[in-house]
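Step one of this worksheet: look at the structure below.
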Amino acid sequence: MDINATFIGQIIVFLIMLWFIAKVVVPMIAKPIDERYAKIADGLAAADAGQKQLQQASASADQIVREARERAKQVDEQAQRRSTETIEAAKHAAQAEGARLLAAAQAEVSNESVRASEALRREFGSLVVKAASTLVEHEVDPATHAKLLERLTDDIARG
Amino acid sequence: MAVEHGESPAEYIAHHLTHLKVGSGFWTWHVDTLFMSALLAFVVSFILWFAARGDRSTKAPTGLTAFVEWIYDWVDQQVAGIYPGQRRFMTALALTLFCWVVAMNTMDLLPVDLPGHFASVFGAKFWRVLPTSDLNGTIAEAIVVLALIIIFSVRAKGIGGYLREWATAPFGIWLLPFNIILNFIELLAKPISLGMRLYGNMYAGELLFILIALLGFAVTGLTLWSGLAFLAQIGFGVGWAIFHILIVLLQAYIFMVLPIVYISMAEEHH
């Protein structure tokens with residue numbers, strides 16, 4: 001165990017090797033490794049971003065589908081409501097029309113019967129006058145009696 | 001086997017623990033330590049560079065590239081757990097220390113006599129193949145770590161802040177000499193323990209391999225004891241080598257993590 005000049009030589013050897021490794025070899029080894037790390041990190045980050053985008057897209061797709069479903073339901077309800085309304089309105093219109101027609105017919109009928117009874121009364125009056133005039137032809141002033149008979153007829157007609 | 005040398009066991013051990021030296025006194029150089037550590041530093045740097053080169057962002061990685069990237073990523077994660085902030089240099093420091101120390105420690109798994117025989121072909125009388133069982137080697141790395149601790153402290157706190165901490169922490173300005181003594185001990189204890197720990201572990205491991213190899217001295221012929229010694233040498237050698245793989249990696253890991261911890265602590269304010 002003797003310390004001598006050998007260690008000086010050994011220091012020089014060590015320093016040369018250290019310099020070579022630190023300046024030449026380690027950068028050579030490390031550069032592609034660092035690049036690889038960076039590339040892998042980038043890839044992972046991109047995958048993460050893609051995943052996030054996918055989630056967002058599927059979420060927004062869900063939203064759109066939900067909205068569309070909602071809208072379809074609304075449209076459906078609206079159509080149903082409108083058709084009910086239309087049917088109701090038509091029913092009302094038909095009923096009103098029916099009632100009106102019925103009223104008109106009833107009015108016509110009553111008019112006709114009034115008119116017929118009036119005509120019958122007139123005809124009956126003139127028949128009575130004719131019969132009476134035939135019976136009392138000479139004793140009666142036709143003008144005076146005609147007036148009387150007309151009044152009678154009117155009374156009958158009035159009911 | 002060792003018997004061929006015609007050495008005594010003591011001579012055998014001494015031979016294995018002697019460096020190939022050039023120079024004298026302080027200016028002695030351990031040629032084996034320097035050569036092996038420089039060679040392994042070069043090999044490790046080259047493998048890392050070779051694996052990292054070329055177009056890696058679009059082409060499929062080779063097995064070697066994947067392996068190196070795996071080690072780098074592991075080291076980087078270790079550093080990230082310890083060191084807050086910009087850690088590229090810390091990762092480079094940790095990667096350098098870990099790979100280099102693993103490579104150097106692994107030399108201990110070579111058969112104890114093989115490197116010496118191989119070196120003797122080139123005329124080297126001694127050859128210790130394990131640079132981390134030379135205190136010069138581990139202390140050198142620890143000194144660089146010490147320098148980095150000081151540099152990063154100053155960078156984080158400024159010269160004034162760093163010197164103020166020397167003077168005032170932890171007892172306050174009125175006990176300035178004690179503060180300085182304590183800080184000095186604290187500063188030196190870290191790299192010294194760092195270097196000594198690796199050195200001690202690898203030295204002990206190496207010594208145990210040598211001692212196991214000594215069993216070969218008992219193999220003298222076709223006798224029962226020779227056979228038992230032979231089996232024991234193989235059995236213990238294999239067992240210790242397998243266990244030593246753990247120590248090789250564990251010590252390298254400790255030697256990688258502690259400097260980062262020390263620098264991280266040095267940047268914190270007291």
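Lettering and numbering for the structure tokens are positional, with chains as A, B, ... in the shown order, residues counted from 1 in each chain, and ligands counted from 1 in the shown order.
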List the spatial neighbours of Arg36 of chain A as a PDB file with C-alpha atoms, in the first residue's frame - criterion: any atom at most 9 Å away, only C-alpha atoms, same-chain residues fewer than 5 positions off excluded.
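File written: out_36.pdb
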```pdb
ATOM      1  CA  LYS A  31     -30.666  12.414 -27.371  1.00  0.00           C
ATOM      2  CA  ALA A  41     -45.488  11.804 -24.071  1.00  0.00           C
TER       3      ALA A  41
ATOM      4  CA  SER B  57     -34.424   7.250 -33.532  1.00  0.00           C
TER       5      SER B  57
END
```
Write down as a PyMOL selection string the residues belonging to segment 34-229 of chain B that are assigned alpha helix (DSSP H) by DSSP computed on the backbone. chain B and resi 34-52+63-82+88-106+114-121+135-168+176-214+224-229
Output as a ChimeraX atom specification the set of chain B residues within 7 Å of chain A, with distances taken over only C-alpha atoms. /B:26-30,34,38,41,45,48-49,52-53,56-57,69,89,92-93,96,135-137,139-141,144
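Between atom CA of Lys91 of chain A and atom CA of Val75 of chain A lies a distance of 24.1 Å.
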Residues within 10 Å of Ile254 of chain B, please, as a PDB file with C-alpha atoms, in the first residue's frame. Count only C-alpha atoms; anything in the same chain fewer than 4 positions from it doesn't count.
```pdb
ATOM      1  CA  LEU B  97     -17.723   5.406 -12.564  1.00  0.00           C
ATOM      2  CA  PHE B  98     -20.082   2.451 -12.714  1.00  0.00           C
ATOM      3  CA  LEU B 194     -14.907   6.031  -0.768  1.00  0.00           C
ATOM      4  CA  ARG B 197     -13.805   0.957   0.700  1.00  0.00           C
ATOM      5  CA  LEU B 198     -13.370  -0.074  -2.915  1.00  0.00           C
ATOM      6  CA  LEU B 249     -21.248  -5.136  -8.969  1.00  0.00           C
ATOM      7  CA  LEU B 250     -22.112  -4.003  -5.455  1.00  0.00           C
ATOM      8  CA  LEU B 258     -21.860   7.809  -3.156  1.00  0.00           C
ATOM      9  CA  PRO B 259     -20.161  10.559  -5.206  1.00  0.00           C
TER      10      PRO B 259
END
```
What's around Gln78 of chain B at 10 Å? Count only C-alpha atoms, leave out sequence neighbours fewer than 2 positions away in its own chain, and write the answer as a ChimeraX atom specification. /B:72-76,80-83,91,94,253,256-257,260
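Straight-line separation from atom CA of Ala94 of chain A to atom CA of Ser113 of chain A: 28.4 Å.
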